[in-house]
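Q: Contents of start_2.txt (compact mmCIF, N, CA and C atoms) are below:
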# COMPACT_ATOMS: atom_id res chain seq x y z
N MET Q 1 12.84 30.14 -6.79
CA MET Q 1 12.90 29.61 -5.44
C MET Q 1 11.53 29.18 -4.94
N THR Q 2 10.47 29.83 -5.41
CA THR Q 2 9.14 29.46 -4.94
C THR Q 2 8.74 28.06 -5.40
N GLY Q 3 9.26 27.60 -6.54
CA GLY Q 3 8.94 26.27 -7.03
C GLY Q 3 9.58 25.16 -6.20
N LEU Q 4 10.57 25.53 -5.39
CA LEU Q 4 11.26 24.55 -4.57
C LEU Q 4 10.33 23.94 -3.52
N PHE Q 5 9.44 24.75 -2.96
CA PHE Q 5 8.55 24.29 -1.90
C PHE Q 5 7.10 24.21 -2.37
N LYS Q 6 6.90 23.95 -3.63
CA LYS Q 6 5.57 23.87 -4.20
C LYS Q 6 4.82 22.65 -3.66
N LYS Q 7 3.54 22.83 -3.40
CA LYS Q 7 2.70 21.73 -2.97
C LYS Q 7 2.03 21.10 -4.19
N ILE Q 8 2.11 19.80 -4.29
CA ILE Q 8 1.59 19.08 -5.45
C ILE Q 8 0.31 18.35 -5.03
N PRO Q 9 -0.83 18.68 -5.67
CA PRO Q 9 -2.10 18.02 -5.34
C PRO Q 9 -2.24 16.67 -6.07
N ILE Q 10 -2.56 15.65 -5.29
CA ILE Q 10 -2.70 14.30 -5.84
C ILE Q 10 -3.98 13.67 -5.30
N ILE Q 11 -4.71 13.00 -6.17
CA ILE Q 11 -5.86 12.20 -5.77
C ILE Q 11 -5.47 10.73 -5.89
N VAL Q 12 -5.77 9.95 -4.85
CA VAL Q 12 -5.50 8.51 -4.87
C VAL Q 12 -6.83 7.79 -4.69
N ARG Q 13 -7.14 6.94 -5.64
CA ARG Q 13 -8.39 6.17 -5.59
C ARG Q 13 -8.04 4.70 -5.40
N PHE Q 14 -8.64 4.11 -4.37
CA PHE Q 14 -8.41 2.70 -4.06
C PHE Q 14 -9.59 1.86 -4.52
N TYR Q 15 -9.28 0.83 -5.27
CA TYR Q 15 -10.24 -0.17 -5.70
C TYR Q 15 -9.78 -1.51 -5.13
N THR Q 16 -10.48 -2.57 -5.38
CA THR Q 16 -10.05 -3.89 -4.93
C THR Q 16 -8.78 -4.28 -5.67
N ASN Q 17 -7.67 -4.34 -4.95
CA ASN Q 17 -6.35 -4.70 -5.49
C ASN Q 17 -5.92 -3.83 -6.67
N GLU Q 18 -6.31 -2.58 -6.63
CA GLU Q 18 -5.99 -1.65 -7.72
C GLU Q 18 -5.93 -0.22 -7.16
N ILE Q 19 -5.00 0.57 -7.68
CA ILE Q 19 -4.85 1.96 -7.24
C ILE Q 19 -4.76 2.85 -8.47
N GLU Q 20 -5.41 4.00 -8.37
CA GLU Q 20 -5.32 5.03 -9.40
C GLU Q 20 -4.77 6.30 -8.73
N VAL Q 21 -3.74 6.90 -9.33
CA VAL Q 21 -3.13 8.12 -8.82
C VAL Q 21 -3.26 9.19 -9.89
N ILE Q 22 -3.79 10.36 -9.49
CA ILE Q 22 -3.98 11.48 -10.42
C ILE Q 22 -3.22 12.68 -9.89
N ARG Q 23 -2.32 13.22 -10.71
CA ARG Q 23 -1.60 14.45 -10.35
C ARG Q 23 -2.35 15.61 -10.99
N LEU Q 24 -2.99 16.41 -10.17
CA LEU Q 24 -3.90 17.43 -10.66
C LEU Q 24 -3.20 18.59 -11.36
N ASP Q 25 -2.02 19.00 -10.90
CA ASP Q 25 -1.38 20.18 -11.50
C ASP Q 25 -0.86 19.92 -12.91
N LYS Q 26 -0.63 18.66 -13.27
CA LYS Q 26 -0.15 18.34 -14.62
C LYS Q 26 -1.11 17.44 -15.37
N ASN Q 27 -2.25 17.14 -14.75
CA ASN Q 27 -3.28 16.29 -15.37
C ASN Q 27 -2.71 14.95 -15.83
N LEU Q 28 -1.95 14.30 -14.94
CA LEU Q 28 -1.38 12.98 -15.22
C LEU Q 28 -2.15 11.93 -14.43
N LYS Q 29 -2.32 10.75 -15.02
CA LYS Q 29 -3.07 9.70 -14.36
C LYS Q 29 -2.36 8.36 -14.54
N LEU Q 30 -2.24 7.61 -13.44
CA LEU Q 30 -1.70 6.25 -13.46
C LEU Q 30 -2.72 5.32 -12.81
N ARG Q 31 -2.85 4.13 -13.34
CA ARG Q 31 -3.73 3.13 -12.72
C ARG Q 31 -3.02 1.79 -12.82
N ARG Q 32 -2.87 1.14 -11.67
CA ARG Q 32 -2.15 -0.13 -11.63
C ARG Q 32 -2.95 -1.18 -10.86
N ILE Q 33 -2.90 -2.39 -11.36
CA ILE Q 33 -3.43 -3.55 -10.64
C ILE Q 33 -2.28 -4.12 -9.83
N ALA Q 34 -2.55 -4.47 -8.60
CA ALA Q 34 -1.50 -4.95 -7.69
C ALA Q 34 -0.99 -6.31 -8.12
N LYS Q 35 0.32 -6.42 -8.19
CA LYS Q 35 0.96 -7.71 -8.45
C LYS Q 35 0.79 -8.61 -7.23
N TYR Q 36 0.92 -7.99 -6.04
CA TYR Q 36 0.72 -8.68 -4.77
C TYR Q 36 -0.54 -8.10 -4.14
N LYS Q 37 -1.57 -8.90 -3.99
CA LYS Q 37 -2.89 -8.43 -3.55
C LYS Q 37 -2.83 -7.79 -2.16
N PHE Q 38 -3.61 -6.73 -2.00
CA PHE Q 38 -3.71 -6.06 -0.71
C PHE Q 38 -5.15 -5.99 -0.20
N SER Q 39 -6.12 -6.49 -0.96
CA SER Q 39 -7.53 -6.43 -0.57
C SER Q 39 -8.08 -7.82 -0.28
N THR Q 40 -9.16 -7.84 0.51
CA THR Q 40 -9.93 -9.06 0.74
C THR Q 40 -11.39 -8.73 0.47
N GLU Q 41 -12.28 -9.69 0.73
CA GLU Q 41 -13.71 -9.45 0.54
C GLU Q 41 -14.25 -8.38 1.49
N ARG Q 42 -13.66 -8.25 2.67
CA ARG Q 42 -14.17 -7.33 3.69
C ARG Q 42 -13.41 -6.01 3.76
N LEU Q 43 -12.16 -5.99 3.29
CA LEU Q 43 -11.33 -4.80 3.42
C LEU Q 43 -10.61 -4.47 2.12
N ILE Q 44 -10.54 -3.19 1.80
CA ILE Q 44 -9.73 -2.77 0.64
C ILE Q 44 -8.25 -2.82 1.01
N ILE Q 45 -7.90 -2.35 2.22
CA ILE Q 45 -6.51 -2.39 2.68
C ILE Q 45 -6.40 -3.48 3.74
N ALA Q 46 -6.21 -4.71 3.30
CA ALA Q 46 -6.03 -5.82 4.23
C ALA Q 46 -4.54 -6.09 4.45
N ASP Q 47 -3.71 -5.86 3.44
CA ASP Q 47 -2.26 -6.02 3.57
C ASP Q 47 -1.62 -4.64 3.35
N PHE Q 48 -1.31 -3.98 4.45
CA PHE Q 48 -0.79 -2.61 4.41
C PHE Q 48 0.52 -2.53 3.62
N ASN Q 49 1.42 -3.46 3.83
CA ASN Q 49 2.74 -3.41 3.18
C ASN Q 49 2.65 -3.48 1.66
N ASN Q 50 1.80 -4.36 1.16
CA ASN Q 50 1.65 -4.46 -0.30
C ASN Q 50 1.03 -3.19 -0.88
N ALA Q 51 0.03 -2.63 -0.19
CA ALA Q 51 -0.58 -1.38 -0.65
C ALA Q 51 0.43 -0.24 -0.60
N GLU Q 52 1.23 -0.19 0.46
CA GLU Q 52 2.23 0.87 0.60
C GLU Q 52 3.28 0.82 -0.50
N LYS Q 53 3.77 -0.38 -0.82
CA LYS Q 53 4.78 -0.52 -1.88
C LYS Q 53 4.24 -0.06 -3.22
N LEU Q 54 3.02 -0.46 -3.53
CA LEU Q 54 2.42 -0.07 -4.81
C LEU Q 54 2.19 1.43 -4.86
N LEU Q 55 1.60 2.00 -3.81
CA LEU Q 55 1.33 3.43 -3.80
C LEU Q 55 2.62 4.24 -3.87
N SER Q 56 3.63 3.88 -3.11
CA SER Q 56 4.90 4.62 -3.12
C SER Q 56 5.55 4.59 -4.50
N SER Q 57 5.53 3.44 -5.15
CA SER Q 57 6.14 3.36 -6.49
C SER Q 57 5.35 4.20 -7.49
N MET Q 58 4.04 4.24 -7.35
CA MET Q 58 3.22 5.04 -8.27
C MET Q 58 3.42 6.53 -8.04
N VAL Q 59 3.54 6.94 -6.78
CA VAL Q 59 3.77 8.36 -6.48
C VAL Q 59 5.12 8.79 -7.04
N LYS Q 60 6.15 7.96 -6.85
CA LYS Q 60 7.48 8.28 -7.41
C LYS Q 60 7.41 8.40 -8.93
N GLU Q 61 6.68 7.51 -9.55
CA GLU Q 61 6.56 7.52 -11.01
C GLU Q 61 5.83 8.77 -11.51
N ILE Q 62 4.77 9.15 -10.83
CA ILE Q 62 3.98 10.29 -11.30
C ILE Q 62 4.67 11.63 -11.01
N LEU Q 63 5.56 11.65 -10.00
CA LEU Q 63 6.29 12.88 -9.72
C LEU Q 63 7.40 13.12 -10.74
N GLY Q 64 7.86 12.05 -11.37
CA GLY Q 64 8.84 12.22 -12.44
C GLY Q 64 10.26 12.39 -11.95
N ASN Q 65 10.93 13.39 -12.52
CA ASN Q 65 12.37 13.57 -12.31
C ASN Q 65 12.74 13.66 -10.83
N LYS Q 66 13.97 13.22 -10.55
CA LYS Q 66 14.45 13.25 -9.18
C LYS Q 66 14.83 14.67 -8.79
N ARG Q 67 14.57 14.98 -7.55
CA ARG Q 67 14.86 16.31 -7.03
C ARG Q 67 15.74 16.19 -5.80
N LEU Q 68 16.39 17.29 -5.47
CA LEU Q 68 17.20 17.32 -4.26
C LEU Q 68 16.31 17.21 -3.03
N PHE Q 69 15.17 17.89 -3.05
CA PHE Q 69 14.21 17.84 -1.95
C PHE Q 69 12.94 17.15 -2.42
N SER Q 70 12.32 16.39 -1.53
CA SER Q 70 11.04 15.77 -1.85
C SER Q 70 9.96 16.85 -1.85
N PRO Q 71 9.07 16.82 -2.83
CA PRO Q 71 8.00 17.82 -2.86
C PRO Q 71 6.97 17.56 -1.76
N THR Q 72 6.25 18.58 -1.39
CA THR Q 72 5.15 18.43 -0.44
C THR Q 72 3.91 18.00 -1.22
N LEU Q 73 3.31 16.91 -0.78
CA LEU Q 73 2.14 16.39 -1.46
C LEU Q 73 0.88 16.67 -0.65
N ILE Q 74 -0.13 17.17 -1.32
CA ILE Q 74 -1.47 17.30 -0.74
C ILE Q 74 -2.26 16.15 -1.36
N MET Q 75 -2.65 15.17 -0.54
CA MET Q 75 -3.23 13.94 -1.06
C MET Q 75 -4.68 13.78 -0.60
N ILE Q 76 -5.55 13.55 -1.55
CA ILE Q 76 -6.95 13.22 -1.29
C ILE Q 76 -7.11 11.74 -1.59
N ILE Q 77 -7.63 11.00 -0.63
CA ILE Q 77 -7.79 9.56 -0.82
C ILE Q 77 -9.27 9.23 -0.89
N GLN Q 78 -9.62 8.42 -1.89
CA GLN Q 78 -11.01 7.99 -2.07
C GLN Q 78 -11.05 6.47 -2.13
N GLN Q 79 -11.92 5.86 -1.35
CA GLN Q 79 -12.17 4.43 -1.47
C GLN Q 79 -13.32 4.28 -2.45
N MET Q 80 -13.09 3.65 -3.56
CA MET Q 80 -14.07 3.59 -4.63
C MET Q 80 -15.02 2.39 -4.53
N VAL Q 81 -14.76 1.50 -3.59
CA VAL Q 81 -15.62 0.34 -3.38
C VAL Q 81 -16.44 0.61 -2.12
N GLU Q 82 -17.76 0.49 -2.26
CA GLU Q 82 -18.64 0.79 -1.13
C GLU Q 82 -19.00 -0.49 -0.38
N PHE Q 83 -18.93 -0.40 0.95
CA PHE Q 83 -19.34 -1.50 1.81
C PHE Q 83 -20.56 -1.04 2.61
N PRO Q 84 -21.47 -1.97 2.96
CA PRO Q 84 -22.69 -1.58 3.67
C PRO Q 84 -22.43 -0.85 4.99
N ASP Q 85 -21.39 -1.23 5.71
CA ASP Q 85 -21.10 -0.61 7.01
C ASP Q 85 -20.21 0.61 6.91
N GLY Q 86 -19.81 0.99 5.70
CA GLY Q 86 -18.94 2.15 5.54
C GLY Q 86 -17.49 1.82 5.85
N ILE Q 87 -16.70 2.85 6.14
CA ILE Q 87 -15.28 2.69 6.42
C ILE Q 87 -15.07 2.72 7.93
N SER Q 88 -14.33 1.73 8.44
CA SER Q 88 -14.07 1.67 9.87
C SER Q 88 -12.97 2.65 10.26
N GLU Q 89 -12.83 2.89 11.56
CA GLU Q 89 -11.78 3.78 12.05
C GLU Q 89 -10.39 3.22 11.73
N ILE Q 90 -10.25 1.93 11.75
CA ILE Q 90 -8.96 1.30 11.43
C ILE Q 90 -8.62 1.52 9.96
N GLU Q 91 -9.61 1.41 9.08
CA GLU Q 91 -9.36 1.67 7.66
C GLU Q 91 -8.99 3.13 7.42
N LYS Q 92 -9.68 4.05 8.13
CA LYS Q 92 -9.33 5.46 8.00
C LYS Q 92 -7.89 5.70 8.40
N ARG Q 93 -7.47 5.05 9.48
CA ARG Q 93 -6.08 5.19 9.95
C ARG Q 93 -5.11 4.61 8.93
N ALA Q 94 -5.47 3.49 8.32
CA ALA Q 94 -4.61 2.88 7.30
C ALA Q 94 -4.43 3.82 6.11
N TYR Q 95 -5.50 4.47 5.67
CA TYR Q 95 -5.41 5.42 4.57
C TYR Q 95 -4.54 6.61 4.94
N ARG Q 96 -4.71 7.12 6.16
CA ARG Q 96 -3.89 8.25 6.63
C ARG Q 96 -2.41 7.86 6.66
N ASP Q 97 -2.12 6.67 7.18
CA ASP Q 97 -0.73 6.20 7.25
C ASP Q 97 -0.14 5.98 5.86
N LEU Q 98 -0.94 5.44 4.95
CA LEU Q 98 -0.46 5.25 3.57
C LEU Q 98 -0.09 6.58 2.95
N ALA Q 99 -0.93 7.59 3.15
CA ALA Q 99 -0.65 8.91 2.60
C ALA Q 99 0.63 9.49 3.19
N GLU Q 100 0.80 9.40 4.49
CA GLU Q 100 2.01 9.91 5.15
C GLU Q 100 3.26 9.20 4.65
N HIS Q 101 3.19 7.89 4.51
CA HIS Q 101 4.34 7.12 4.06
C HIS Q 101 4.70 7.44 2.62
N ALA Q 102 3.72 7.89 1.85
CA ALA Q 102 3.96 8.25 0.45
C ALA Q 102 4.44 9.69 0.31
N GLY Q 103 4.48 10.45 1.42
CA GLY Q 103 5.02 11.80 1.38
C GLY Q 103 4.01 12.92 1.51
N ALA Q 104 2.77 12.59 1.83
CA ALA Q 104 1.74 13.63 1.97
C ALA Q 104 1.80 14.28 3.34
N ILE Q 105 1.29 15.51 3.40
CA ILE Q 105 1.21 16.19 4.68
C ILE Q 105 -0.20 16.07 5.23
Would you mind writing the structure in this file as structure tokens?

A:
Amino acid sequence: MTGLFKKIPIIVRFYTNEIEVIRLDKNLKLRRIAKYKFSTERLIIADFNNAEKLLSSMVKEILGNKRLFSPTLIMIIQQMVEFPDGISEIEKRAYRDLAEHAGAI
């Protein structure tokens, strides 16, 4: 019964039009280049919907078999591309929203 509500740790790394998802408890790694671009020269997350679709599909893939209940995800997000001005508050909010939409707490 304790495995039913297990928290799964995941690291998500964002690159320009590319996402890497690492499931820490099973040491699994996925890296995908976006079919539909979500980055621009100034922003990594310029198209939220395209980034959300790619991230959600990758999270589903890395979680594997279907379950009756969705697992609780602990998600760490890293932006791997550095900009001179850093990350704006809007970008931070976009990352938070992406994590929530993918099932993280």

Q: For the atom pair CA of Ser70 in chain Q and CA of Ala102 in chain Q, what is the interatomic distance in Å to one decimal place?

A: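 Separation between CA of Ser70 in chain Q and CA of Ala102 in chain Q: 10.6 Å.
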
Q: Pick the closest to Lys37 in chain Q from Q:Asn49, Q:Asn17, Q:Ser88, Q:Thr72: which is it, counting only C-alpha atoms?

A: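 Among the listed residues, the smallest separation from Lys37 in chain Q belongs to Q:Asn17.
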
Q: So which one's closest to Ile62 in chain Q, Q:Ile22, Q:Met80, Q:Ala46, Q:Ile74? Using only N, CA and C atoms, please.

A: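 Ranking Q:Ile22, Q:Met80, Q:Ala46, Q:Ile74 by distance to Ile62 in chain Q, first place goes to Q:Ile22.
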
Q: With distances taken over only C-alpha atoms, which of Q:Ile45, Q:Leu73, Q:Val21, Q:Val81 is nearest to Ser57 in chain Q?

A: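 Nearest candidate to Ser57 in chain Q out of Q:Ile45, Q:Leu73, Q:Val21, Q:Val81: Q:Val21.
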
Q: Give me, please, the distance in Å between CA of Arg23 in chain Q and CA of Leu43 in chain Q, quoted to one decimal.

A: 25.6 Å

Q: Kindly indicate which residue among Q:Leu63, Q:Met75, Q:Ile90, Q:Ile44 lies nearest to Gly103 in chain Q, using only N, CA and C atoms for the distances.

A: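 Nearest candidate to Gly103 in chain Q out of Q:Leu63, Q:Met75, Q:Ile90, Q:Ile44: Q:Met75.
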
Q: Mind pulling up the distance from atom C of Pro71 in chain Q to atom N of Ala104 in chain Q?

A: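 Atom-to-atom, atom N of Ala104 in chain Q to atom C of Pro71 in chain Q, that is 7.4 Å.
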
Q: Quick one: residues within 9 Å of Arg13 in chain Q, only C-alpha atoms counted, chain neighbours fewer than 3 positions away excluded, as a list in words?

A: Glu18, Ile19, Glu20, Val21, Ile22, Ile76, Ile77, Gln78, Gln79 and Met80 of chain Q

Q: Would you mind exporting the chosen residues as a PDB file, in the frame of the given file, restricted to N, CA and C atoms?

A:
ATOM      1  N   GLU Q  18      -6.310  -2.580  -6.630  1.00  0.00           N
ATOM      2  CA  GLU Q  18      -5.990  -1.650  -7.720  1.00  0.00           C
ATOM      3  C   GLU Q  18      -5.930  -0.220  -7.160  1.00  0.00           C
ATOM      4  N   ILE Q  19      -5.000   0.570  -7.680  1.00  0.00           N
ATOM      5  CA  ILE Q  19      -4.850   1.960  -7.240  1.00  0.00           C
ATOM      6  C   ILE Q  19      -4.760   2.850  -8.470  1.00  0.00           C
ATOM      7  N   GLU Q  20      -5.410   4.000  -8.370  1.00  0.00           N
ATOM      8  CA  GLU Q  20      -5.320   5.030  -9.400  1.00  0.00           C
ATOM      9  C   GLU Q  20      -4.770   6.300  -8.730  1.00  0.00           C
ATOM     10  N   VAL Q  21      -3.740   6.900  -9.330  1.00  0.00           N
ATOM     11  CA  VAL Q  21      -3.130   8.120  -8.820  1.00  0.00           C
ATOM     12  C   VAL Q  21      -3.260   9.190  -9.890  1.00  0.00           C
ATOM     13  N   ILE Q  22      -3.790  10.360  -9.490  1.00  0.00           N
ATOM     14  CA  ILE Q  22      -3.980  11.480 -10.420  1.00  0.00           C
ATOM     15  C   ILE Q  22      -3.220  12.680  -9.890  1.00  0.00           C
ATOM     16  N   ILE Q  76      -5.550  13.550  -1.550  1.00  0.00           N
ATOM     17  CA  ILE Q  76      -6.950  13.220  -1.290  1.00  0.00           C
ATOM     18  C   ILE Q  76      -7.110  11.740  -1.590  1.00  0.00           C
ATOM     19  N   ILE Q  77      -7.630  11.000  -0.630  1.00  0.00           N
ATOM     20  CA  ILE Q  77      -7.790   9.560  -0.820  1.00  0.00           C
ATOM     21  C   ILE Q  77      -9.270   9.230  -0.890  1.00  0.00           C
ATOM     22  N   GLN Q  78      -9.620   8.420  -1.890  1.00  0.00           N
ATOM     23  CA  GLN Q  78     -11.010   7.990  -2.070  1.00  0.00           C
ATOM     24  C   GLN Q  78     -11.050   6.470  -2.130  1.00  0.00           C
ATOM     25  N   GLN Q  79     -11.920   5.860  -1.350  1.00  0.00           N
ATOM     26  CA  GLN Q  79     -12.170   4.430  -1.470  1.00  0.00           C
ATOM     27  C   GLN Q  79     -13.320   4.280  -2.450  1.00  0.00           C
ATOM     28  N   MET Q  80     -13.090   3.650  -3.560  1.00  0.00           N
ATOM     29  CA  MET Q  80     -14.070   3.590  -4.630  1.00  0.00           C
ATOM     30  C   MET Q  80     -15.020   2.390  -4.530  1.00  0.00           C
TER      31      MET Q  80
END

Q: Within chain Q, find each residue whose DSSP state, derived from the backbone, is strand (DSSP E or B), and express the selection as a PyMOL selection string.

A: chain Q and resi 7-15+18-23+28-33+72-79+104

Q: Next, write the just-selected residues to a file, as a compact mmCIF listing (two decimals), in the coordinates of the input, keeping N, CA and C atoms as the atom set.

A:
# COMPACT_ATOMS: atom_id res chain seq x y z
N LYS Q 7 3.54 22.83 -3.40
CA LYS Q 7 2.70 21.73 -2.97
C LYS Q 7 2.03 21.10 -4.19
N ILE Q 8 2.11 19.80 -4.29
CA ILE Q 8 1.59 19.08 -5.45
C ILE Q 8 0.31 18.35 -5.03
N PRO Q 9 -0.83 18.68 -5.67
CA PRO Q 9 -2.10 18.02 -5.34
C PRO Q 9 -2.24 16.67 -6.07
N ILE Q 10 -2.56 15.65 -5.29
CA ILE Q 10 -2.70 14.30 -5.84
C ILE Q 10 -3.98 13.67 -5.30
N ILE Q 11 -4.71 13.00 -6.17
CA ILE Q 11 -5.86 12.20 -5.77
C ILE Q 11 -5.47 10.73 -5.89
N VAL Q 12 -5.77 9.95 -4.85
CA VAL Q 12 -5.50 8.51 -4.87
C VAL Q 12 -6.83 7.79 -4.69
N ARG Q 13 -7.14 6.94 -5.64
CA ARG Q 13 -8.39 6.17 -5.59
C ARG Q 13 -8.04 4.70 -5.40
N PHE Q 14 -8.64 4.11 -4.37
CA PHE Q 14 -8.41 2.70 -4.06
C PHE Q 14 -9.59 1.86 -4.52
N TYR Q 15 -9.28 0.83 -5.27
CA TYR Q 15 -10.24 -0.17 -5.70
C TYR Q 15 -9.78 -1.51 -5.13
N GLU Q 18 -6.31 -2.58 -6.63
CA GLU Q 18 -5.99 -1.65 -7.72
C GLU Q 18 -5.93 -0.22 -7.16
N ILE Q 19 -5.00 0.57 -7.68
CA ILE Q 19 -4.85 1.96 -7.24
C ILE Q 19 -4.76 2.85 -8.47
N GLU Q 20 -5.41 4.00 -8.37
CA GLU Q 20 -5.32 5.03 -9.40
C GLU Q 20 -4.77 6.30 -8.73
N VAL Q 21 -3.74 6.90 -9.33
CA VAL Q 21 -3.13 8.12 -8.82
C VAL Q 21 -3.26 9.19 -9.89
N ILE Q 22 -3.79 10.36 -9.49
CA ILE Q 22 -3.98 11.48 -10.42
C ILE Q 22 -3.22 12.68 -9.89
N ARG Q 23 -2.32 13.22 -10.71
CA ARG Q 23 -1.60 14.45 -10.35
C ARG Q 23 -2.35 15.61 -10.99
N LEU Q 28 -1.95 14.30 -14.94
CA LEU Q 28 -1.38 12.98 -15.22
C LEU Q 28 -2.15 11.93 -14.43
N LYS Q 29 -2.32 10.75 -15.02
CA LYS Q 29 -3.07 9.70 -14.36
C LYS Q 29 -2.36 8.36 -14.54
N LEU Q 30 -2.24 7.61 -13.44
CA LEU Q 30 -1.70 6.25 -13.46
C LEU Q 30 -2.72 5.32 -12.81
N ARG Q 31 -2.85 4.13 -13.34
CA ARG Q 31 -3.73 3.13 -12.72
C ARG Q 31 -3.02 1.79 -12.82
N ARG Q 32 -2.87 1.14 -11.67
CA ARG Q 32 -2.15 -0.13 -11.63
C ARG Q 32 -2.95 -1.18 -10.86
N ILE Q 33 -2.90 -2.39 -11.36
CA ILE Q 33 -3.43 -3.55 -10.64
C ILE Q 33 -2.28 -4.12 -9.83
N THR Q 72 6.25 18.58 -1.39
CA THR Q 72 5.15 18.43 -0.44
C THR Q 72 3.91 18.00 -1.22
N LEU Q 73 3.31 16.91 -0.78
CA LEU Q 73 2.14 16.39 -1.46
C LEU Q 73 0.88 16.67 -0.65
N ILE Q 74 -0.13 17.17 -1.32
CA ILE Q 74 -1.47 17.30 -0.74
C ILE Q 74 -2.26 16.15 -1.36
N MET Q 75 -2.65 15.17 -0.54
CA MET Q 75 -3.23 13.94 -1.06
C MET Q 75 -4.68 13.78 -0.60
N ILE Q 76 -5.55 13.55 -1.55
CA ILE Q 76 -6.95 13.22 -1.29
C ILE Q 76 -7.11 11.74 -1.59
N ILE Q 77 -7.63 11.00 -0.63
CA ILE Q 77 -7.79 9.56 -0.82
C ILE Q 77 -9.27 9.23 -0.89
N GLN Q 78 -9.62 8.42 -1.89
CA GLN Q 78 -11.01 7.99 -2.07
C GLN Q 78 -11.05 6.47 -2.13
N GLN Q 79 -11.92 5.86 -1.35
CA GLN Q 79 -12.17 4.43 -1.47
C GLN Q 79 -13.32 4.28 -2.45
N ALA Q 104 2.77 12.59 1.83
CA ALA Q 104 1.74 13.63 1.97
C ALA Q 104 1.80 14.28 3.34
